[in-house]
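Right, one structure below, let's go through it.
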Amino acid sequence: MRTDEEFTSNDLIQGHQLMALIFVSRLVPITVTFPSITGISVPQDGWIVMFISTLGAIPVVLWINWLAQAFPRRTIVEYSEILLGKIAGKALSLVFVFYLLLIAGITARQVGEAYTAAIMPETPILVFMGVIAFVAGNAAYNGVEVVGRVAETVFWIVLVVTVVVLTLPMNAMRFENLRPVLPGGLGIIVKETATSWIIFLEIIVSAMIVPFLTRPSDARRFSLLAVGGVGLVGMSFAAVLVAVFGVLTPTLTLPAFSLGRLISIGDFLERIEVIPMGIWTVSAGVKMSFFLWAGAVGLAQICGLRRYQPFVYPLCVLSVSLGVLLFDDVMEMERFSAPERSGICIMVIVLGFMTVLTLARLLRGNRTSGDGGEG
């Protein structure tokens, strides 16, 4: 489909692999730090937060795909130059690539914090971050088809493990902990909903992958399926966490890991939380490889180069550096996700970029043809 385009990767993936990539990527913050449930004042409303933020993510998905379908053979970096001109298009695309790099760095830091806090506290966090960055970089270097196949496999494993983690601690659940519903009214959950919704904005990375789908028209359908699936899993996690831990839920640093510790099968199989931890680590690796690949491809296109591979490993180093330097500890990382901090910046980057492209497309009107060329 892109055999003679600006870089050598001509891998194609299926629509369901895109769904797996989005699902696994969005599930990482839920299964590792879950910023939508930790640190909030009314934890029993966590499932409502997930429900509202999922509904709010649907228009964003439709918006991203409306732009992408106008240029089904172009990435968002490519058609930003078509719509805005080379200078403005490249400038905004550089900001977009930095955003992808930032998310990759945060993902590496989340994995590092999870391992140093829960399993190997004496090991330097940089070890875990470096290992996952190297593995993710290798996958990204080999192309999106490799990343897509890994995500497809991990998707089903993650789904099974998630069901196990949500159902086996049944004896510890007290569903009365979910009451009362909305004790502080709707206003009190606005901030928490904004935090969860901002994380959903990461789906903009899918605008880099549409040209690599065997059928670009499948992007919208599978993106919506992924968002709906993640919303359902997020709501379930939030409800189960509160049912088990009650008012202690907001104090948990790694809530899903804490839930896994309660799993007991008979009297002989206990403390198997390392298994779901390993699966969630692989999920984080898939997410990081997805964002590193997108960032490397975007940077190659900005520079007008055919090959993106030379950018992959330097971006790995930069992402790990960002993950280390931006946060002093895991609490600082969680506060970074708050709307009043990084949230405003992320909304400006993502929504601002999309708004500028939308206005440019509307102003150009029928002068832009469907294949990304100019009529």
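If you're wondering about the labels, chains in the structure tokens are A, B, ... by order shown, residues count from 1 in each chain, ligands from 1 in order shown.
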Using only C-alpha atoms, I'd like a table of the residues in segment 105-178 of chain A that come within 12 Å of segment 196-212 of chain A; for each, show the closest atom pair and its distance in Å rounded to one decimal, ordered by chain and ascending number, as a Markdown table.
```
| residue | atom | partner | partner_atom | distance |
| --- | --- | --- | --- | --- |
| A:Ile106 | CA | A:Ile199 | CA | 11.7 |
| A:Thr107 | CA | A:Glu202 | CA | 11.9 |
| A:Gly143 | CA | A:Phe212 | CA | 10.4 |
| A:Val144 | CA | A:Phe212 | CA | 8.1 |
| A:Glu145 | CA | A:Phe212 | CA | 8.7 |
| A:Val147 | CA | A:Ile209 | CA | 11.5 |
| A:Gly148 | CA | A:Ile209 | CA | 10.4 |
```
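Summary of the local environment: counting only C-alpha atoms, residues at most 10 Å from Asp218 of chain A, other than itself and those fewer than 4 positions away along its chain, are Gln14, Gly15, His16, Leu18, Met19, Asn65, Gln69, Val210, Leu213, Thr214, Phe222 and Ser223 of chain A.
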Could you take the residues named above and write them with C-alpha atoms, as a PDB file, in the first residue's frame?
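Result saved to again-v8.pdb:
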```pdb
ATOM      1  CA  GLN A  14      -5.603  -5.828  10.236  1.00  0.00           C
ATOM      2  CA  GLY A  15      -8.331  -3.760  11.838  1.00  0.00           C
ATOM      3  CA  HIS A  16      -8.613  -6.133  14.786  1.00  0.00           C
ATOM      4  CA  LEU A  18      -5.445  -1.934  15.666  1.00  0.00           C
ATOM      5  CA  MET A  19      -8.220  -2.650  18.163  1.00  0.00           C
ATOM      6  CA  ASN A  65     -11.132   9.135  12.156  1.00  0.00           C
ATOM      7  CA  GLN A  69     -10.450   9.113   6.387  1.00  0.00           C
ATOM      8  CA  VAL A 210      -4.448   4.276   9.442  1.00  0.00           C
ATOM      9  CA  LEU A 213      -4.336  -0.911   7.727  1.00  0.00           C
ATOM     10  CA  THR A 214      -5.292  -3.338   4.988  1.00  0.00           C
ATOM     11  CA  PHE A 222     -12.301  -1.074  15.584  1.00  0.00           C
ATOM     12  CA  SER A 223     -11.274   2.077  17.455  1.00  0.00           C
TER      13      SER A 223
END
```
For this session: Record the distance separating atom CA of Ala296 of chain A and atom CA of Phe311 of chain A, expressed in Å with one decimal.
Result: 5.3 Å
Problem set entry | In segment 111-217 of chain A, DSSP alpha helix (DSSP H) residues written as an NGL selection string | :A and (111-118 or 125-141 or 144-167 or 190-200)
For this session: In Å, rounded to a single decimal, give me how far atom CA of Thr253 of chain A is from atom CA of Val324 of chain A.
Result: 18.2 Å
Exercise. How far is it from atom CA of Leu224 of chain A to atom CA of Thr54 of chain A, in Å with one decimal?
Worked result: 10.0 Å
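Considering only C-alpha atoms, the residue among A:Arg149, A:Asp11, A:Cys345, A:Gly298 positioned nearest to Ala91 of chain A is A:Gly298.
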Exercise. Using only C-alpha atoms, which of the listed residues (A:Leu318, A:Val77, A:Gly228, A:Val28) sits closest to Phe96 of chain A?
Worked result: A:Val77
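Among the candidates A:Phe155, A:Trp293, A:Phe98, A:Tyr308, the residue lying nearest to Ile349 of chain A is A:Phe98 (atoms considered: only C-alpha atoms).
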Please build the interface table for segment 12-123 of chain A against segment 357-365 of chain A with a cut-off of 9 Å, listing for each qualifying residue the nearest atom pair and the distance in Å to one decimal; count only C-alpha atoms, order rows by chain and increasing number, and write it as a tab-separated table.
```
residue	atom	partner	partner_atom	distance
A:Trp63	CA	A:Thr358	CA	8.9
A:Leu67	CA	A:Thr358	CA	7.1
A:Ala70	CA	A:Arg361	CA	8.9
A:Tyr79	CA	A:Leu357	CA	8.6
A:Ser80	CA	A:Leu357	CA	6.5
A:Leu83	CA	A:Ala360	CA	5.8
A:Leu84	CA	A:Ala360	CA	6.7
```
Seminar exercise, completed: One residue among A:Gln44, A:Asn138, A:Asn177, A:Ser289 is nearest to Pro250 of chain A when using only C-alpha atoms, and that residue is A:Gln44
Exercise. Which is closest to Ile52 of chain A among A:Arg109, A:Lys191, A:Arg26, A:Arg174, if we use only C-alpha atoms?
Worked result: A:Lys191
Problem set entry | Residues near Leu100 of chain A, cut-off 8 Å, only C-alpha atoms, skip fewer than 6 positions along chain, as a PyMOL selection string | chain A and resi 205+291-292+294-295
Exercise. If you run DSSP on the backbone, which residues of segment 178-339 of chain A are strand (DSSP E), as an NGL selection string?
Worked result: :A and (264-265 or 269-270)
Exercise. Ile125 of chain A: which residues within 12 Å, counting only C-alpha atoms, same-chain residues fewer than 2 positions away excluded, as a ChimeraX atom specification?
Worked result: /A:108-123,127-132,320-321,323-324,328-330
